[in-house]
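A.B. asks: This structure is in structure tokens; I'll ask about it shortly.
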Amino acid sequence: MSLTFHWFLPTNGDSRHVVGGGHGTSVTASGRDRPPTVAYLSQIARAAEDLGFEGALTPTGAWCEDAWLTTAMVSQHTERLKFLVAFRPGFLSPTLAAQMASTFQRQTGGRVLLNVVTGGESHEQRAYGDFLDKDDRYRRTGEFLQVVRELWAGGTVDLKGEHLAVEDARLARVPDPVPAVYFGGSSPIAGEIAARHADVYLTWGEPPAQVAEKIAWVRELAAREGRTVRFGIRLHVITRDTAAAAWAEADRLLDGFDPATVRSVQEGLARSESEGQHRMLALHGGSRDGLEIHPNLWAGIGLVRGGAGTALVGSHAEVADRVKEYAALGIDEFVLSGYPHLEEAYWFGEGVLPLLAGEGLWKHPAGKTAGTVQVPFAAR
């Protein structure tokens, strides 16, 4: 077994503090510390590539830079790294999306992966001209992916669906390889769509027992469709040479949370329509107390950030153990991030990945020996 690790491109800005935002909440002031320029994002991407990350997730929404445009530019400053481009199906036609992904594959040598984000919050969707409710957005996503899949297979598509219609749709050139589709969601309708169309089902970093339940749920739904699905998890990381140093860093981040900002963010997230977001909120309840919800799993990030709100915190060996715990449940892919994203990529890449490589659980995609990466600055 070889696990896959992806990093994150902070197109909402980066900082030595947690940058909030997402699910209808605004980016916090710390997002201005390191603006998401192509130069800075490319620096992160090159570091991730050298360290052995397979790809990098780029988010979507009004709170960050556009993922398609940003990754197209950053891809020109990298050689191997793939880009897990998050996008919302309601904002462009399925034929255009299939064509864009096909073009991206050819122009980058097959380095695009697609993270299909069904919805965001209704008030944000309406700002883009999308007035469907949550369940209808998922049904539209199903139709969208049906068209995209058939086009990628070289077919000519005619569809008159409940929400989408195309006639005589075809691609002049199909992508090679076909991009993998990553998909998440915790509601019943989300599970149905994932089972039919996803290659990788992504969950946010809930405690292992809850993640095991999700895996069993989606696996059963996929089996009914005659399909198998791989599983991934989205987490932040704070890993150091010692556990004490890692928890000191978590405490430093927590000390930087302004109480008024926490209240405002929590009030906004409480109005979210996302079942996954409500599950994240339940892990901390808006309180600074009891944030270690499972050994080395810290829910502090979710106090000021929408979406993924938990971090693996501990020594390199402890974080590696937690990775192995999730892998034992069936998680194959880990989508990680940390503040700041440049430095934390090195902490994880030089501290944790060599331990996993030593146990035969990971190997560098470019065949490099773990632990021999040349660091261009003193990360420690």
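Residue numbering restarts at 1 in every chain; chains get A, B, ... in the order shown in the structure tokens, and ligands count up from 1 in that same order.
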Compile the contact shell of Glu220 in chain A as a list in words: residues with an atom at most 12 Å away, counting only C-alpha atoms, same-chain residues fewer than 3 positions apart removed.

C.D. replies: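 In the requested form, the answer reads Gly191, Glu192, Ala194, Ala195, Arg196, Glu213, Lys214, Ile215, Ala216, Trp217, Ala223, Arg224, Glu225, Gly226, Arg227, Thr228 and Val229 of chain A.
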
A.B. asks: Suppose we keep all heavy atoms; can you now write the selection as a CSV table (one decimal), in the first residue's frame?

C.D. replies:
chain,number,residue,atom,x,y,z
A,191,GLY,N,-24.4,11.6,-0.7
A,191,GLY,CA,-23.9,10.2,-0.8
A,191,GLY,C,-24.3,9.5,-2.1
A,191,GLY,O,-23.6,8.7,-2.7
A,192,GLU,N,-25.6,9.7,-2.5
A,192,GLU,CA,-26.1,9.1,-3.7
A,192,GLU,C,-25.2,9.6,-4.9
A,192,GLU,O,-24.9,8.8,-5.8
A,192,GLU,CB,-27.5,9.5,-3.9
A,192,GLU,CG,-28.5,8.9,-2.9
A,192,GLU,CD,-29.9,9.3,-3.0
A,192,GLU,OE1,-30.2,9.8,-4.2
A,192,GLU,OE2,-30.7,9.3,-2.1
A,194,ALA,N,-22.2,10.9,-5.0
A,194,ALA,CA,-20.8,10.4,-4.8
A,194,ALA,C,-20.7,8.9,-5.3
A,194,ALA,O,-19.8,8.5,-6.0
A,194,ALA,CB,-20.4,10.5,-3.4
A,195,ALA,N,-21.7,8.1,-4.9
A,195,ALA,CA,-21.7,6.7,-5.2
A,195,ALA,C,-21.8,6.5,-6.7
A,195,ALA,O,-21.2,5.5,-7.3
A,195,ALA,CB,-22.9,6.0,-4.5
A,196,ARG,N,-22.5,7.4,-7.4
A,196,ARG,CA,-22.7,7.2,-8.9
A,196,ARG,C,-21.5,7.7,-9.7
A,196,ARG,O,-21.2,7.2,-10.8
A,196,ARG,CB,-23.9,7.9,-9.3
A,196,ARG,CG,-25.2,7.3,-8.8
A,196,ARG,CD,-26.4,8.0,-9.3
A,196,ARG,NE,-27.6,7.6,-8.6
A,196,ARG,CZ,-28.6,8.5,-8.2
A,196,ARG,NH1,-28.4,9.8,-8.5
A,196,ARG,NH2,-29.6,8.1,-7.5
A,213,GLU,N,-17.7,5.4,9.8
A,213,GLU,CA,-19.1,5.3,9.5
A,213,GLU,C,-19.4,5.9,8.1
A,213,GLU,O,-20.1,5.3,7.3
A,213,GLU,CB,-19.9,6.1,10.5
A,213,GLU,CG,-20.0,5.5,11.9
A,213,GLU,CD,-20.7,6.3,12.9
A,213,GLU,OE1,-21.1,7.5,12.5
A,213,GLU,OE2,-20.8,5.9,14.0
A,214,LYS,N,-18.7,7.0,7.7
A,214,LYS,CA,-18.9,7.6,6.4
A,214,LYS,C,-18.4,6.7,5.3
A,214,LYS,O,-19.0,6.5,4.3
A,214,LYS,CB,-18.1,8.9,6.3
A,214,LYS,CG,-18.9,10.1,6.8
A,214,LYS,CD,-18.2,11.4,6.4
A,214,LYS,CE,-19.0,12.6,6.7
A,214,LYS,NZ,-18.3,13.9,6.4
A,215,ILE,N,-17.2,6.1,5.6
A,215,ILE,CA,-16.6,5.2,4.6
A,215,ILE,C,-17.6,4.0,4.3
A,215,ILE,O,-17.9,3.6,3.2
A,215,ILE,CB,-15.3,4.7,5.0
A,215,ILE,CG1,-14.3,5.8,5.0
A,215,ILE,CG2,-14.8,3.5,4.2
A,215,ILE,CD1,-12.9,5.5,5.5
A,216,ALA,N,-18.1,3.4,5.4
A,216,ALA,CA,-19.0,2.3,5.2
A,216,ALA,C,-20.3,2.7,4.5
A,216,ALA,O,-20.8,2.0,3.6
A,216,ALA,CB,-19.4,1.7,6.6
A,217,TRP,N,-20.8,3.9,4.8
A,217,TRP,CA,-22.0,4.4,4.1
A,217,TRP,C,-21.8,4.6,2.6
A,217,TRP,O,-22.6,4.1,1.8
A,217,TRP,CB,-22.3,5.8,4.8
A,217,TRP,CG,-23.4,6.6,4.1
A,217,TRP,CD1,-24.6,6.3,3.8
A,217,TRP,CD2,-23.2,8.0,3.7
A,217,TRP,NE1,-25.3,7.3,3.2
A,217,TRP,CE2,-24.4,8.4,3.1
A,217,TRP,CE3,-22.2,8.9,3.8
A,217,TRP,CZ2,-24.6,9.7,2.6
A,217,TRP,CZ3,-22.4,10.2,3.3
A,217,TRP,CH2,-23.6,10.5,2.7
A,223,ALA,N,-21.5,0.3,-3.9
A,223,ALA,CA,-21.7,-1.2,-4.3
A,223,ALA,C,-23.0,-1.4,-5.0
A,223,ALA,O,-23.2,-2.2,-5.9
A,223,ALA,CB,-21.5,-2.0,-3.1
A,224,ARG,N,-24.0,-0.7,-4.5
A,224,ARG,CA,-25.4,-0.8,-5.1
A,224,ARG,C,-25.4,-0.3,-6.6
A,224,ARG,O,-26.2,-0.7,-7.4
A,224,ARG,CB,-26.4,0.0,-4.3
A,224,ARG,CG,-26.7,-0.5,-2.9
A,224,ARG,CD,-27.6,0.5,-2.2
A,224,ARG,NE,-27.8,0.2,-0.8
A,224,ARG,CZ,-28.4,0.9,0.1
A,224,ARG,NH1,-29.1,2.0,-0.4
A,224,ARG,NH2,-28.5,0.6,1.3
A,225,GLU,N,-24.4,0.6,-6.9
A,225,GLU,CA,-24.3,1.1,-8.2
A,225,GLU,C,-23.3,0.3,-9.1
A,225,GLU,O,-23.0,0.6,-10.2
A,225,GLU,CB,-23.8,2.6,-8.2
A,225,GLU,CG,-24.7,3.6,-7.4
A,225,GLU,CD,-26.0,3.8,-8.2
A,225,GLU,OE1,-26.0,3.7,-9.5
A,225,GLU,OE2,-27.0,4.2,-7.6
A,226,GLY,N,-22.8,-0.7,-8.4
A,226,GLY,CA,-21.8,-1.6,-9.1
A,226,GLY,C,-20.5,-0.9,-9.3
A,226,GLY,O,-19.7,-1.2,-10.2
A,227,ARG,N,-20.1,0.0,-8.3
A,227,ARG,CA,-18.9,0.8,-8.4
A,227,ARG,C,-18.1,0.7,-7.1
A,227,ARG,O,-18.6,0.3,-6.1
A,227,ARG,CB,-19.2,2.3,-8.7
A,227,ARG,CG,-20.0,2.6,-9.9
A,227,ARG,CD,-20.2,4.1,-10.1
A,227,ARG,NE,-18.9,4.8,-10.4
A,227,ARG,CZ,-18.3,5.6,-9.6
A,227,ARG,NH1,-18.8,6.0,-8.5
A,227,ARG,NH2,-17.1,6.2,-10.0
A,228,THR,N,-16.8,1.0,-7.2
A,228,THR,CA,-16.0,1.1,-6.0
A,228,THR,C,-15.4,2.6,-6.0
A,228,THR,O,-15.2,3.2,-7.1
A,228,THR,CB,-14.8,0.2,-6.1
A,228,THR,OG1,-14.0,0.4,-7.2
A,228,THR,CG2,-15.3,-1.3,-6.0
A,229,VAL,N,-15.3,3.1,-4.8
A,229,VAL,CA,-14.8,4.5,-4.6
A,229,VAL,C,-13.6,4.5,-3.7
A,229,VAL,O,-13.6,3.7,-2.7
A,229,VAL,CB,-16.0,5.3,-4.0
A,229,VAL,CG1,-15.5,6.8,-3.7
A,229,VAL,CG2,-17.2,5.3,-4.9

A.B. asks: Would you mind listing what lies within 10 Å of Leu96 in chain A as an mmCIF file with N, CA and C atoms, in the first residue's frame, with only C-alpha atoms counted and same-chain residues fewer than 3 positions away left out?

C.D. replies:
data_model
loop_
_atom_site.group_PDB
_atom_site.id
_atom_site.type_symbol
_atom_site.label_atom_id
_atom_site.label_comp_id
_atom_site.auth_asym_id
_atom_site.auth_seq_id
_atom_site.Cartn_x
_atom_site.Cartn_y
_atom_site.Cartn_z
ATOM 1 N N LEU A 92 -20.943 26.854 -14.798
ATOM 2 C CA LEU A 92 -20.522 26.716 -16.176
ATOM 3 C C LEU A 92 -21.161 25.465 -16.758
ATOM 4 N N SER A 93 -21.231 25.410 -18.072
ATOM 5 C CA SER A 93 -21.890 24.277 -18.711
ATOM 6 C C SER A 93 -21.030 23.024 -18.578
ATOM 7 N N GLN A 99 -14.410 20.362 -21.635
ATOM 8 C CA GLN A 99 -13.408 20.884 -22.568
ATOM 9 C C GLN A 99 -12.249 21.543 -21.819
ATOM 10 N N MET A 100 -12.561 22.330 -20.772
ATOM 11 C CA MET A 100 -11.521 22.997 -19.993
ATOM 12 C C MET A 100 -10.581 21.982 -19.341
ATOM 13 N N ALA A 101 -11.164 20.945 -18.761
ATOM 14 C CA ALA A 101 -10.342 19.916 -18.129
ATOM 15 C C ALA A 101 -9.486 19.187 -19.160
ATOM 16 N N SER A 102 -10.051 18.946 -20.328
ATOM 17 C CA SER A 102 -9.302 18.271 -21.380
ATOM 18 C C SER A 102 -8.127 19.127 -21.844
ATOM 19 N N VAL A 148 -20.387 15.104 -18.410
ATOM 20 C CA VAL A 148 -18.926 15.192 -18.464
ATOM 21 C C VAL A 148 -18.302 13.816 -18.671
ATOM 22 N N ALA A 169 -23.668 17.294 -28.031
ATOM 23 C CA ALA A 169 -22.422 17.725 -27.394
ATOM 24 C C ALA A 169 -21.323 16.695 -27.621
ATOM 25 N N LEU A 171 -16.625 16.368 -27.716
ATOM 26 C CA LEU A 171 -15.327 17.003 -27.604
ATOM 27 C C LEU A 171 -14.490 16.682 -28.821
#

A.B. asks: So that I can see what lies close to range 311-319 of chain A, please list as a PyMOL selection string the residues with an atom at most 6 Å from it, counting only C-alpha atoms and leaving out residues fewer than 5 positions away in the same chain.

C.D. replies: chain A and resi 235-243+246+296-298+351-352

A.B. asks: I need the residue nearest Pro175 in chain A from this list: A:Ile193, A:Ala209, A:Ala98, A:Ile331. Use only C-alpha atoms for the distance.

C.D. replies: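 Smallest separation from Pro175 in chain A among the options: A:Ala98.
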
A.B. asks: From the DSSP assignment of the backbone, select every residue of range 105-317 of chain A that is helix (DSSP H, G or I), and format the answer as a ChimeraX atom specification.

C.D. replies: /A:105-108,122-127,134-152,188-197,208-224,243-255,259-270,275-284,300-303,316-317

A.B. asks: Just checking: using only C-alpha atoms, which residue out of A:His197, A:Arg263, A:His123, A:His17 ends up closest to Arg149 in chain A?

C.D. replies: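 Smallest distance to Arg149 in chain A is found for A:His197.
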
A.B. asks: So which residues touch Phe334 in chain A within 6 Å, counting only C-alpha atoms, skipping near sequence neighbours fewer than 3 positions away, as a PyMOL selection string?

C.D. replies: chain A and resi 5+232-233
